[in-house]
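Peer 1: final_20.txt is reproduced below (compact mmCIF, C-alpha atoms).
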```txt
# COMPACT_ATOMS: atom_id res chain seq x y z
CA MET A 171 1.23 15.23 -17.68
CA LYS A 172 1.81 17.88 -15.03
CA ARG A 173 -1.90 18.60 -14.63
CA ARG A 174 -2.69 14.96 -14.10
CA LEU A 175 0.05 14.52 -11.56
CA PHE A 176 -1.29 17.36 -9.47
CA VAL A 177 -4.77 15.89 -9.81
CA ALA A 178 -3.40 12.67 -8.31
CA ALA A 179 -1.99 14.56 -5.37
CA GLY A 180 -5.21 16.45 -4.87
CA VAL A 181 -7.31 13.30 -4.98
CA ALA A 182 -4.98 11.53 -2.57
CA ALA A 183 -5.31 14.51 -0.28
CA ALA A 184 -9.08 14.23 -0.30
CA LEU A 185 -9.29 10.50 0.22
CA THR A 186 -8.87 10.24 3.98
CA GLY A 187 -11.19 11.70 6.57
CA VAL A 188 -10.69 12.12 10.31
CA ALA A 189 -8.17 9.70 11.80
CA ALA A 190 -9.35 6.82 13.94
CA CYS A 191 -9.66 7.03 17.69
CA GLY A 192 -7.01 5.60 19.96
CA SER A 193 -4.98 6.99 22.80
CA SER A 194 -1.42 7.11 24.02
CA ASP A 195 0.21 10.08 25.65
CA SER A 196 3.25 8.16 26.81
CA GLY A 197 5.37 9.49 23.95
CA ASP A 198 5.45 13.08 25.16
CA LYS A 199 6.36 12.12 28.72
CA LYS A 200 9.33 9.88 27.96
CA ASP A 201 12.78 10.36 26.54
CA SER A 202 12.69 14.13 26.79
CA SER A 203 16.45 14.20 26.38
CA SER A 204 16.16 12.21 23.16
CA ALA A 205 13.50 14.54 21.87
CA SER A 206 15.64 17.58 22.61
CA ALA A 207 18.67 16.10 20.90
CA ALA A 208 16.65 15.06 17.87
CA ALA A 209 15.26 18.56 17.53
CA SER A 210 18.73 20.04 17.22
CA ASN A 211 20.51 20.42 13.91
CA ALA A 212 23.44 18.26 15.03
CA PRO A 213 23.12 14.59 14.07
CA ALA A 214 22.69 12.15 16.93
CA ASP A 215 25.77 10.28 18.14
CA GLY A 216 25.98 6.96 16.31
CA LYS A 217 29.11 5.46 17.84
CA GLY A 218 28.66 1.72 18.24
CA LYS A 219 24.89 1.85 17.68
CA LYS A 220 22.78 -0.18 15.27
CA VAL A 221 19.57 1.31 13.93
CA THR A 222 17.09 -1.30 12.73
CA VAL A 223 14.36 -0.36 10.27
CA TRP A 224 11.62 -2.65 8.99
CA VAL A 225 10.46 -1.91 5.44
CA MET A 226 7.92 -3.98 3.57
CA LYS A 227 8.71 -6.11 0.56
CA GLY A 228 8.28 -4.07 -2.60
CA SER A 229 8.25 -0.71 -0.81
CA THR A 230 11.87 0.10 -1.62
CA SER A 231 14.55 -1.12 -4.00
CA ASP A 232 17.98 -2.58 -3.30
CA ALA A 233 19.57 0.51 -4.85
CA TYR A 234 17.49 2.84 -2.67
CA ASN A 235 18.32 0.84 0.48
CA ALA A 236 22.03 0.84 -0.29
CA ASP A 237 22.08 4.58 -0.96
CA LEU A 238 20.06 5.35 2.18
CA LYS A 239 22.35 3.18 4.29
CA ALA A 240 25.49 4.86 2.95
CA LYS A 241 24.09 8.37 3.44
CA PHE A 242 22.86 7.70 6.97
CA GLU A 243 26.05 6.01 8.13
CA ALA A 244 28.20 8.78 6.65
CA ALA A 245 26.22 11.35 8.63
CA HIS A 246 26.43 9.27 11.82
CA PRO A 247 29.99 7.91 12.15
CA GLY A 248 30.08 4.64 14.03
CA ALA A 249 26.41 3.85 13.46
CA THR A 250 25.13 0.91 11.43
CA LEU A 251 21.83 1.00 9.57
CA ASP A 252 20.22 -2.44 9.35
CA ILE A 253 17.39 -2.42 6.78
CA GLN A 254 15.25 -5.54 7.20
CA VAL A 255 12.69 -6.36 4.51
CA GLN A 256 9.44 -7.78 5.88
CA GLN A 257 6.58 -9.74 4.28
CA TRP A 258 3.08 -8.24 4.32
CA ASN A 259 1.49 -11.54 5.30
CA GLY A 260 1.36 -11.76 9.08
CA ILE A 261 3.04 -8.39 9.59
CA GLY A 262 0.33 -7.08 11.90
CA GLN A 263 0.98 -9.67 14.57
CA LYS A 264 4.73 -9.36 14.10
CA ILE A 265 4.64 -5.59 14.65
CA SER A 266 2.29 -5.91 17.64
CA SER A 267 4.63 -8.44 19.24
CA ALA A 268 7.64 -6.21 18.55
CA LEU A 269 5.95 -3.18 20.13
CA ALA A 270 5.33 -5.18 23.31
CA SER A 271 8.87 -6.58 23.47
CA ASN A 272 12.08 -5.09 24.79
CA ASP A 273 13.79 -5.65 21.45
CA ALA A 274 11.71 -3.46 19.15
CA PRO A 275 13.11 -2.14 15.85
CA ASP A 276 13.86 1.58 15.74
CA VAL A 277 11.74 2.52 12.70
CA VAL A 278 8.81 0.57 11.27
CA GLU A 279 6.87 0.91 8.02
CA ALA A 280 3.16 0.15 8.30
CA GLY A 281 0.19 0.50 5.99
CA ASN A 282 -1.71 3.77 6.34
CA THR A 283 -4.78 1.86 7.61
CA GLN A 284 -2.80 0.27 10.44
CA ILE A 285 -1.15 3.18 12.27
CA ALA A 286 -4.10 4.07 14.50
CA GLY A 287 -4.32 0.53 15.85
CA TYR A 288 -0.66 0.47 16.83
CA ALA A 289 -0.81 3.97 18.33
CA GLY A 290 -3.81 2.95 20.40
CA THR A 291 -1.70 0.39 22.25
CA GLY A 292 0.64 3.06 23.63
CA GLY A 293 3.57 1.45 21.85
CA VAL A 294 4.28 4.22 19.32
CA TYR A 295 6.41 7.29 19.96
CA ASP A 296 4.67 10.67 19.66
CA LEU A 297 6.24 12.80 16.90
CA THR A 298 3.79 15.69 17.04
CA SER A 299 6.48 18.21 17.95
CA LYS A 300 8.42 17.28 14.79
CA VAL A 301 5.66 17.88 12.24
CA ASP A 302 6.69 21.43 11.34
CA GLU A 303 10.36 20.49 11.07
CA LEU A 304 9.42 17.62 8.74
CA GLY A 305 7.36 19.88 6.47
CA GLY A 306 4.03 18.51 7.62
CA LYS A 307 2.05 21.36 6.07
CA ASP A 308 2.79 19.81 2.67
CA TRP A 309 2.05 16.18 3.53
CA ILE A 310 -0.62 14.39 1.54
CA PRO A 311 -3.49 14.08 4.05
CA GLY A 312 -4.31 10.62 2.71
CA LEU A 313 -1.14 9.49 4.46
CA ALA A 314 -0.80 12.07 7.22
CA GLY A 315 -4.42 11.72 8.40
CA PRO A 316 -4.26 8.03 9.37
CA GLY A 317 -1.00 8.70 11.25
CA LYS A 318 -2.69 11.26 13.49
CA VAL A 319 -4.59 9.93 16.49
CA ASP A 320 -6.38 12.09 19.07
CA GLY A 321 -4.58 15.13 17.72
CA LYS A 322 -1.11 13.60 17.96
CA GLN A 323 1.09 12.58 15.02
CA TYR A 324 2.45 9.05 15.37
CA GLY A 325 2.90 8.04 11.73
CA ILE A 326 5.03 10.02 9.29
CA PRO A 327 4.01 9.70 5.60
CA PHE A 328 6.28 7.46 3.51
CA TYR A 329 4.59 7.11 0.08
CA ALA A 330 1.25 6.57 -1.64
CA ALA A 331 0.34 4.29 -4.54
CA ASP A 332 -2.63 2.83 -6.35
CA ARG A 333 -3.03 -0.21 -8.56
CA VAL A 334 -2.98 -0.24 -12.34
CA VAL A 335 -2.99 -2.93 -15.02
CA ILE A 336 0.51 -3.79 -16.22
CA TYR A 337 0.34 -5.31 -19.69
CA ASN A 338 2.62 -6.96 -22.24
CA LYS A 339 2.79 -4.60 -25.21
CA GLU A 340 3.84 -7.32 -27.66
CA ALA A 341 0.94 -9.56 -26.65
CA PHE A 342 -1.56 -6.74 -27.09
CA THR A 343 -0.14 -5.77 -30.48
CA ALA A 344 -0.16 -9.38 -31.70
CA ALA A 345 -3.82 -9.70 -30.70
CA GLY A 346 -4.76 -6.35 -32.24
CA ILE A 347 -5.83 -4.99 -28.86
CA THR A 348 -5.43 -1.54 -27.34
CA PRO A 349 -5.83 -0.84 -23.61
CA PRO A 350 -9.53 -1.19 -22.75
CA LYS A 351 -11.60 1.62 -21.27
CA THR A 352 -14.52 -0.37 -19.80
CA ARG A 353 -14.97 -3.58 -17.86
CA ALA A 354 -16.78 -5.22 -20.77
CA GLU A 355 -13.92 -4.36 -23.14
CA TRP A 356 -11.44 -5.65 -20.56
CA LEU A 357 -13.17 -9.02 -20.32
CA GLU A 358 -13.32 -9.34 -24.10
CA ALA A 359 -9.65 -8.43 -24.50
CA THR A 360 -8.51 -10.74 -21.69
CA LYS A 361 -10.45 -13.66 -23.12
CA LYS A 362 -8.80 -13.08 -26.51
CA LEU A 363 -5.35 -12.88 -24.96
CA ASN A 364 -5.83 -16.15 -23.07
CA THR A 365 -4.58 -18.49 -25.77
CA GLY A 366 -2.07 -21.31 -26.07
CA ASP A 367 0.58 -21.04 -23.36
CA GLN A 368 -0.19 -17.37 -22.80
CA GLN A 369 -2.35 -16.33 -19.85
CA GLY A 370 -4.80 -13.53 -20.54
CA ILE A 371 -4.20 -12.28 -17.01
CA TYR A 372 -2.51 -13.41 -13.83
CA LEU A 373 -5.00 -12.66 -11.06
CA PRO A 374 -4.59 -14.55 -7.77
CA GLY A 375 -7.87 -15.36 -6.08
CA GLN A 376 -7.30 -13.39 -2.89
CA ASN A 377 -6.49 -9.89 -4.14
CA TRP A 378 -8.97 -8.17 -1.84
CA TYR A 379 -7.58 -4.73 -2.70
CA PHE A 380 -8.71 -5.18 -6.29
CA TYR A 381 -12.03 -6.68 -5.18
CA SER A 382 -12.78 -3.70 -2.94
CA GLY A 383 -12.53 -1.41 -5.98
CA LEU A 384 -14.95 -3.58 -7.93
CA LEU A 385 -17.33 -3.45 -4.97
CA LYS A 386 -17.07 0.33 -4.87
CA ASP A 387 -17.87 0.48 -8.58
CA GLU A 388 -21.01 -1.52 -7.85
CA GLY A 389 -22.12 1.13 -5.37
CA ALA A 390 -21.08 -0.30 -2.01
CA ASP A 391 -18.26 0.26 0.47
CA LEU A 392 -16.46 -2.54 2.29
CA THR A 393 -17.65 -1.04 5.57
CA THR A 394 -20.16 1.62 6.59
CA LYS A 395 -21.37 3.04 9.89
CA ASP A 396 -24.85 1.92 11.01
CA GLY A 397 -25.71 4.05 14.01
CA ASP A 398 -22.82 3.60 16.42
CA LYS A 399 -21.82 0.25 14.92
CA TRP A 400 -19.83 -0.76 11.86
CA LYS A 401 -21.15 -3.20 9.30
CA ALA A 402 -19.59 -4.87 6.27
CA ASN A 403 -21.27 -5.02 2.86
CA VAL A 404 -19.79 -8.05 1.11
CA GLY A 405 -22.85 -10.30 1.36
CA THR A 406 -24.96 -7.96 -0.76
CA PRO A 407 -26.08 -7.95 -4.40
CA GLN A 408 -23.31 -5.41 -5.07
CA GLY A 409 -20.77 -7.69 -3.40
CA ALA A 410 -21.93 -10.63 -5.49
CA ALA A 411 -21.74 -8.61 -8.72
CA ALA A 412 -18.18 -7.57 -7.90
CA ALA A 413 -17.17 -11.14 -7.04
CA ASN A 414 -18.71 -12.55 -10.21
CA PHE A 415 -16.76 -10.07 -12.35
CA TYR A 416 -13.58 -10.97 -10.46
CA LYS A 417 -14.26 -14.66 -11.03
CA GLU A 418 -14.80 -14.28 -14.77
CA LEU A 419 -11.73 -12.11 -15.22
CA ALA A 420 -9.55 -14.52 -13.23
CA SER A 421 -10.80 -17.46 -15.31
CA TYR A 422 -8.78 -16.16 -18.27
CA GLY A 423 -5.55 -17.05 -16.55
CA LYS A 424 -3.97 -19.52 -14.15
CA GLY A 425 -3.76 -17.47 -10.97
CA PRO A 426 -4.15 -19.62 -7.84
CA LYS A 427 -7.58 -19.39 -6.27
CA ASP A 428 -6.35 -19.90 -2.73
CA SER A 429 -3.52 -17.39 -2.36
CA ASP A 430 -2.84 -13.68 -2.72
CA GLU A 431 -0.40 -11.68 -4.83
CA LYS A 432 2.63 -12.06 -2.53
CA THR A 433 4.55 -14.14 -5.10
CA GLN A 434 3.21 -12.27 -8.12
CA PRO A 435 6.49 -10.60 -9.25
CA GLU A 436 8.37 -13.90 -9.22
CA THR A 437 5.51 -15.69 -10.98
CA VAL A 438 5.25 -13.10 -13.75
CA ALA A 439 9.02 -13.09 -14.19
CA ALA A 440 9.16 -16.88 -14.44
CA ALA A 441 6.43 -16.88 -17.10
CA ASN A 442 8.92 -15.07 -19.38
CA GLY A 443 6.38 -12.80 -21.04
CA LYS A 444 3.60 -15.38 -21.28
CA ILE A 445 1.40 -13.42 -18.89
CA ALA A 446 -0.42 -10.72 -20.85
CA GLN A 447 -1.56 -8.66 -17.83
CA PHE A 448 -1.44 -8.41 -14.06
CA VAL A 449 -2.83 -5.95 -11.52
CA ALA A 450 -0.30 -4.21 -9.26
CA VAL A 451 1.14 -0.91 -8.14
CA PRO A 452 3.43 0.36 -10.94
CA GLY A 453 6.57 -0.19 -8.91
CA GLU A 454 6.01 -3.95 -8.87
CA LEU A 455 7.20 -4.12 -12.46
CA ALA A 456 10.70 -3.25 -11.24
CA ASN A 457 10.67 -6.42 -9.13
CA VAL A 458 9.55 -8.45 -12.13
CA ILE A 459 12.39 -7.09 -14.28
CA LYS A 460 14.88 -7.60 -11.47
CA ALA A 461 13.93 -11.28 -11.45
CA ASN A 462 13.94 -11.48 -15.27
CA PRO A 463 15.90 -8.68 -16.98
CA ALA A 464 14.83 -9.99 -20.40
CA LEU A 465 11.38 -8.50 -19.75
CA ALA A 466 12.68 -4.92 -19.59
CA GLY A 467 10.77 -2.69 -21.99
CA LYS A 468 8.07 -5.26 -22.74
CA TYR A 469 5.38 -3.96 -20.36
CA ASP A 470 3.37 -0.77 -20.04
CA TYR A 471 0.45 0.43 -17.91
CA PHE A 472 -3.23 1.39 -18.15
CA PRO A 473 -5.75 2.37 -15.44
CA ILE A 474 -8.10 -0.30 -14.11
CA PRO A 475 -11.17 0.10 -16.35
CA GLY A 476 -14.48 1.26 -14.92
CA LYS A 477 -18.01 0.14 -15.72
CA ASP A 478 -18.14 2.78 -18.43
CA ALA A 479 -15.53 4.89 -20.20
CA ALA A 480 -16.44 8.08 -18.33
CA LYS A 481 -14.13 7.31 -15.41
CA PRO A 482 -11.60 4.65 -14.40
CA GLY A 483 -12.37 1.84 -12.00
CA ALA A 484 -12.51 2.64 -8.30
CA ASN A 485 -9.12 2.13 -6.70
CA LEU A 486 -8.20 1.47 -3.09
CA THR A 487 -5.41 3.98 -2.63
CA GLY A 488 -2.73 2.46 -0.49
CA GLY A 489 0.38 3.79 1.06
CA SER A 490 2.61 3.58 4.07
CA ASP A 491 3.68 5.60 7.08
CA LEU A 492 6.81 5.32 9.21
CA PHE A 493 6.79 5.31 13.00
CA ILE A 494 9.19 4.92 15.91
CA PRO A 495 8.29 2.28 18.52
CA GLU A 496 8.11 3.63 22.05
CA LYS A 497 10.61 0.95 23.11
CA SER A 498 13.22 1.90 20.51
CA LYS A 499 16.59 2.22 22.19
CA ASN A 500 17.79 4.74 19.60
CA LYS A 501 15.06 7.35 19.28
CA GLU A 502 17.45 10.17 18.32
CA LEU A 503 18.96 8.14 15.49
CA ALA A 504 15.55 6.80 14.51
CA TYR A 505 14.24 10.34 14.14
CA ASP A 506 17.28 11.34 12.09
CA LEU A 507 16.54 8.42 9.78
CA ILE A 508 12.89 9.39 9.38
CA LYS A 509 13.98 12.95 8.70
CA LEU A 510 16.33 11.73 5.96
CA ILE A 511 13.68 9.48 4.36
CA ASN A 512 11.19 12.37 4.47
CA SER A 513 13.62 14.73 2.72
CA ASP A 514 13.02 15.86 -0.85
CA GLU A 515 16.12 13.95 -1.97
CA TYR A 516 14.91 10.56 -0.78
CA GLN A 517 11.23 11.10 -1.49
CA VAL A 518 12.06 11.99 -5.11
CA LYS A 519 14.47 9.07 -5.37
CA LEU A 520 11.84 6.59 -4.15
CA ALA A 521 9.11 8.08 -6.34
CA LYS A 522 11.26 7.83 -9.46
CA GLU A 523 12.56 4.32 -8.80
CA LEU A 524 9.22 2.73 -7.86
CA THR A 525 6.64 5.09 -9.37
CA TYR A 526 5.08 6.13 -6.09
CA VAL A 527 3.31 9.31 -5.15
CA PRO A 528 5.71 10.93 -2.66
CA SER A 529 4.71 12.10 0.80
CA LYS A 530 4.42 15.81 -0.01
CA THR A 531 2.27 17.58 -2.55
CA THR A 532 5.30 19.73 -3.38
CA GLN A 533 7.19 16.63 -4.54
CA VAL A 534 4.57 15.18 -6.88
CA THR A 535 6.12 16.71 -10.00
CA ALA A 536 8.97 14.23 -9.50
CA LEU A 537 6.73 11.69 -11.25
CA GLU A 538 6.59 13.72 -14.46
CA GLY A 539 7.90 11.58 -17.30
CA VAL A 540 8.14 8.44 -15.15
CA PRO A 541 6.55 5.38 -16.84
CA GLY A 542 3.36 4.36 -15.07
CA ALA A 543 2.76 7.79 -13.56
CA THR A 544 -0.04 8.70 -15.96
CA ALA A 545 -1.98 5.48 -15.35
CA GLN A 546 -1.54 5.85 -11.61
CA ALA A 547 -2.63 9.49 -11.67
CA ILE A 548 -5.75 8.70 -13.72
CA GLY A 549 -6.62 5.84 -11.38
CA ALA A 550 -6.27 8.12 -8.37
CA GLN A 551 -9.13 10.25 -9.73
CA ASN A 552 -11.51 7.51 -8.56
CA GLY A 553 -9.54 6.53 -5.49
CA PHE A 554 -10.81 5.75 -1.99
CA VAL A 555 -9.52 4.48 1.34
CA ILE A 556 -10.87 2.36 4.17
CA PRO A 557 -12.93 4.69 6.40
CA ALA A 558 -10.40 6.21 8.75
CA THR A 559 -12.66 5.91 11.77
CA ALA A 560 -12.62 2.13 11.30
CA SER A 561 -8.88 1.89 10.92
CA ASP A 562 -8.04 1.36 14.60
CA ASN A 563 -9.56 -2.11 14.22
CA TRP A 564 -9.05 -2.48 10.49
CA GLY A 565 -5.52 -3.78 11.01
CA ALA A 566 -7.01 -6.70 12.93
CA VAL A 567 -9.41 -7.33 10.03
CA GLU A 568 -6.47 -7.47 7.62
CA ASP A 569 -4.60 -9.89 9.91
CA ALA A 570 -7.40 -12.48 9.84
CA ASN A 571 -8.72 -11.24 6.48
CA PRO A 572 -12.09 -12.92 5.95
CA LEU A 573 -12.12 -11.27 2.50
CA LYS A 574 -9.44 -13.67 1.29
CA ALA A 575 -11.39 -16.72 2.40
CA TYR A 576 -14.53 -15.23 0.84
CA LEU A 577 -12.91 -14.74 -2.56
CA THR A 578 -11.50 -18.27 -2.56
CA LYS A 579 -14.95 -19.67 -1.80
CA VAL A 580 -16.51 -17.73 -4.68
CA LEU A 581 -13.77 -18.64 -7.15
CA THR A 582 -14.12 -22.32 -6.26
CA GLY A 583 -17.87 -22.37 -6.84
CA GLY A 584 -19.34 -21.04 -3.61
CA ASP A 585 -22.44 -18.85 -3.51
CA PRO A 586 -21.25 -15.21 -3.30
CA ILE A 587 -24.16 -14.05 -1.15
CA ALA A 588 -23.84 -16.85 1.43
CA ALA A 589 -20.04 -16.62 1.52
CA GLY A 590 -20.31 -12.84 1.70
CA LYS A 591 -22.58 -12.95 4.72
CA GLU A 592 -20.02 -15.14 6.50
CA ALA A 593 -17.32 -12.59 5.70
CA ASP A 594 -19.56 -9.73 6.84
CA GLU A 595 -20.15 -11.41 10.19
CA ALA A 596 -16.44 -11.93 10.79
CA ILE A 597 -15.50 -8.38 9.71
CA THR A 598 -18.28 -6.75 11.71
CA LYS A 599 -17.30 -8.62 14.86
CA VAL A 600 -13.73 -7.34 14.67
CA LEU A 601 -14.65 -3.77 13.76
CA ASN A 602 -17.02 -3.46 16.70
CA THR A 603 -14.70 -4.99 19.30
CA LYS A 604 -13.79 -2.51 21.99
CA SER A 605 -10.10 -2.36 22.86
```
For this file, write the structure as structure tokens.
Peer 2:
Amino acid sequence: MKRRLFVAAGVAAALTGVAACGSSDSGDKKDSSSASAAASNAPADGKGKKVTVWVMKGSTSDAYNADLKAKFEAAHPGATLDIQVQQWNGIGQKISSALASNDAPDVVEAGNTQIAGYAGTGGVYDLTSKVDELGGKDWIPGLAGPGKVDGKQYGIPFYAADRVVIYNKEAFTAAGITPPKTRAEWLEATKKLNTGDQQGIYLPGQNWYFYSGLLKDEGADLTTKDGDKWKANVGTPQGAAAANFYKELASYGKGPKDSDEKTQPETVAAANGKIAQFVAVPGELANVIKANPALAGKYDYFPIPGKDAAKPGANLTGGSDLFIPEKSKNKELAYDLIKLINSDEYQVKLAKELTYVPSKTTQVTALEGVPGATAQAIGAQNGFVIPATASDNWGAVEDANPLKAYLTKVLTGGDPIAAGKEADEAITKVLNTKS
């Protein structure tokens, strides 16, 4: 186990290249008094102040939030920590609006592909001077890299994760099936499991994260550089092959063709064990069990299968960073909160509760013995990220997300090449827009 866990950390560290371009030097010219106070060992004065943090749905647990709140407020008498859980859908526009307003939250979680875009607006506080204090030399570059823009650190690593297949052990045993190693075996097993009132798999039609891994397995990236321009590669034979596999796999279940996985935990919980498999980060199972405690102990994990048994399926390695908006009214307290979240205590706590890869390579052994860690670590061996040099505009791609519309068209009978070319045009236009 230990070897595999360190492999996961090493792969995550190799996944991200140079951070995207963008510029804002406002952070190191403002609030010098706040920066000086935050750098001291004494906690910032919290009397009568409310610190608002936005975390994404599924990124933390209720228990983690409650513990973090109690610890922070105890260290800052008089302060209140308001943890607000946000939805991924539409979050890009919501964060952009907040950064431009005079009522911004104090700490914000954002996907590791989105930080450069926000930093480029000048709305994110520069934390470069805090990197050493936060143990930045041990950060997983796959998270730290996207948070660094033009040599300045705006995003502080929160956690990393990749998707696995979460399966019902009883359903597999009843069907005489063991976790498959190849795509062909996976299709055969899923078809066999799709019987009576049991779904072979719950796979919503717009899971573009999963699709991007299939595309990578077919030999193409979502985006590549063509000279000084970006292009998308969905409307290609490789894109069509990936979409056709997705369509066949999804046909062995009742996942909606026109929506994403945002309601997946509740849907799986409500099915009361009648969903044999679903694709998710390991921590999502905790949300399923929270909604339906009767399912505790019934599910396990295996890596997304590849085209052959030699290596697992390609996996878009996700993760999040934390940043402080430039217009935060409580930068000292916001930094103290980030420092607490970045500590070994809270990184280990989050990793254990939700089966994440923590922010530092030195913390990865915290996953040893945690269910789902092995599958996640194996999957990370074939992990990848969106090219970092595209990520300043990639957030805008995710906001409109032509990939979702593309997948729905294919799953409802559309031609994958024609629909893919439409998606490519829309993606390419956004990626090549100058800010």
Peer 1: Which one of A:Thr433, A:Asn563, A:Thr352, A:Ser271 sits closest to A:Gly476 if you count all atoms listed in the file?
Peer 2: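 Comparing A:Thr433, A:Asn563, A:Thr352, A:Ser271 against A:Gly476, the winner is A:Thr352.
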Peer 1: Which neighbours of A:Asp585 fall inside 12 Å, counting only C-alpha atoms, when residues of the same chain fewer than 6 positions from it are skipped, and could you give them as a list of chain:residue names?
Peer 2: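 Close residues of A:Asp585: A:Gly405, A:Thr406, A:Pro407, A:Gly409, A:Ala410, A:Ala411, A:Ala413, A:Asn414, A:Lys417, A:Tyr576, A:Leu577, A:Thr578, A:Lys579, A:Lys591, A:Glu592.
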Peer 1: Atom CA of A:Ala274 and atom CA of A:Pro528, how far apart in Å?
Peer 2: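 For atom CA of A:Pro528 relative to atom CA of A:Ala274, the distance reads 26.8 Å.
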Peer 1: May I have the protein, DNA and RNA residues with an atom at most 7 Å from (-2.3, 3.1, 4.0), counting only C-alpha atoms in the file's coordinates, returned as a list in words?
Peer 2: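 The residues that fall inside the cut-off are Gly281, Asn282, Thr283, Leu313, Gly488, Gly489 and Ser490 of chain A.
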Peer 1: How many Å lie between atom CA of A:Gly539 and atom CA of A:Thr525, rounded to one decimal?
Peer 2: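 Rounded to one decimal, the two atoms are 10.3 Å apart.
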Peer 1: Between A:Leu507, A:Val319, A:Glu340, A:Asp332, which one has atoms that come closest to A:Thr222, using only C-alpha atoms?
Peer 2: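 Distance minimum relative to A:Thr222 lands on A:Leu507.
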Peer 1: Excluding A:Ala480 and residues on its chain fewer than 4 positions from it, collect all residues at most 12 Å away from it, counting only C-alpha atoms, and give them as a PDB file with C-alpha atoms, keeping the file's coordinate frame.
Peer 2:
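Final file, part03.pdb:
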```pdb
ATOM      1  CA  LYS A 351     -11.600   1.620 -21.270  1.00  0.00           C
ATOM      2  CA  THR A 352     -14.520  -0.370 -19.800  1.00  0.00           C
ATOM      3  CA  ARG A 353     -14.970  -3.580 -17.860  1.00  0.00           C
ATOM      4  CA  PRO A 475     -11.170   0.100 -16.350  1.00  0.00           C
ATOM      5  CA  GLY A 476     -14.480   1.260 -14.920  1.00  0.00           C
ATOM      6  CA  ILE A 548      -5.750   8.700 -13.720  1.00  0.00           C
ATOM      7  CA  GLN A 551      -9.130  10.250  -9.730  1.00  0.00           C
ATOM      8  CA  ASN A 552     -11.510   7.510  -8.560  1.00  0.00           C
TER       9      ASN A 552
END
```
Peer 1: Calculated over all atoms listed in the file, which of the candidates A:Asn500, A:Ile587, A:Gly290, A:Thr348 has the smallest distance to A:Thr250?
Peer 2: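 Closest residue, counting all atoms listed in the file: A:Asn500.
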Peer 1: Taking 4 positions as the minimum chain separation for residues in the same chain, which residues sit within 10 Å of stretch 389-391 of chain A when counting only C-alpha atoms? Answer as a VMD selection string.
Peer 2: chain A and resid 382 to 385 401 to 404 406 to 409 412 554 to 557
Peer 1: I'd like the interatomic distance between atom CA of A:Gln376 and atom CA of A:Leu573, to a tenth of an Å.
Peer 2: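 Computed distance, atom CA of A:Gln376 to atom CA of A:Leu573, equals 7.5 Å.
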Peer 1: Can you pull out every residue within 9 Å of A:Gln434, counting all atoms listed in the file, but drop anything in the same chain fewer than 5 positions away, and send it as a list of chain:residue names?
Peer 2: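 Within the cut-off, the hits are A:Tyr372, A:Leu373, A:Pro374, A:Ala439, A:Phe448, A:Ala450, A:Glu454, A:Val458.
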Peer 1: Export, as a PDB file, keeping the file's coordinate frame, the selected residues with C-alpha atoms.
Peer 2:
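Result file is result-v6.pdb:
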```
ATOM      1  CA  TYR A 372      -2.510 -13.410 -13.830  1.00  0.00           C
ATOM      2  CA  LEU A 373      -5.000 -12.660 -11.060  1.00  0.00           C
ATOM      3  CA  PRO A 374      -4.590 -14.550  -7.770  1.00  0.00           C
ATOM      4  CA  ALA A 439       9.020 -13.090 -14.190  1.00  0.00           C
ATOM      5  CA  PHE A 448      -1.440  -8.410 -14.060  1.00  0.00           C
ATOM      6  CA  ALA A 450      -0.300  -4.210  -9.260  1.00  0.00           C
ATOM      7  CA  GLU A 454       6.010  -3.950  -8.870  1.00  0.00           C
ATOM      8  CA  VAL A 458       9.550  -8.450 -12.130  1.00  0.00           C
TER       9      VAL A 458
END
```
Peer 1: Find the spatial neighbours of A:Ile285, counting all atoms listed in the file, within a cut-off of 7 Å - ignore same-chain residues fewer than 4 positions away - and output them as a list in words.
Peer 2: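 Final neighbour list, sorted by chain and number: Ala280, Gly281, Ala289, Pro316, Gly317 and Gly325 of chain A.
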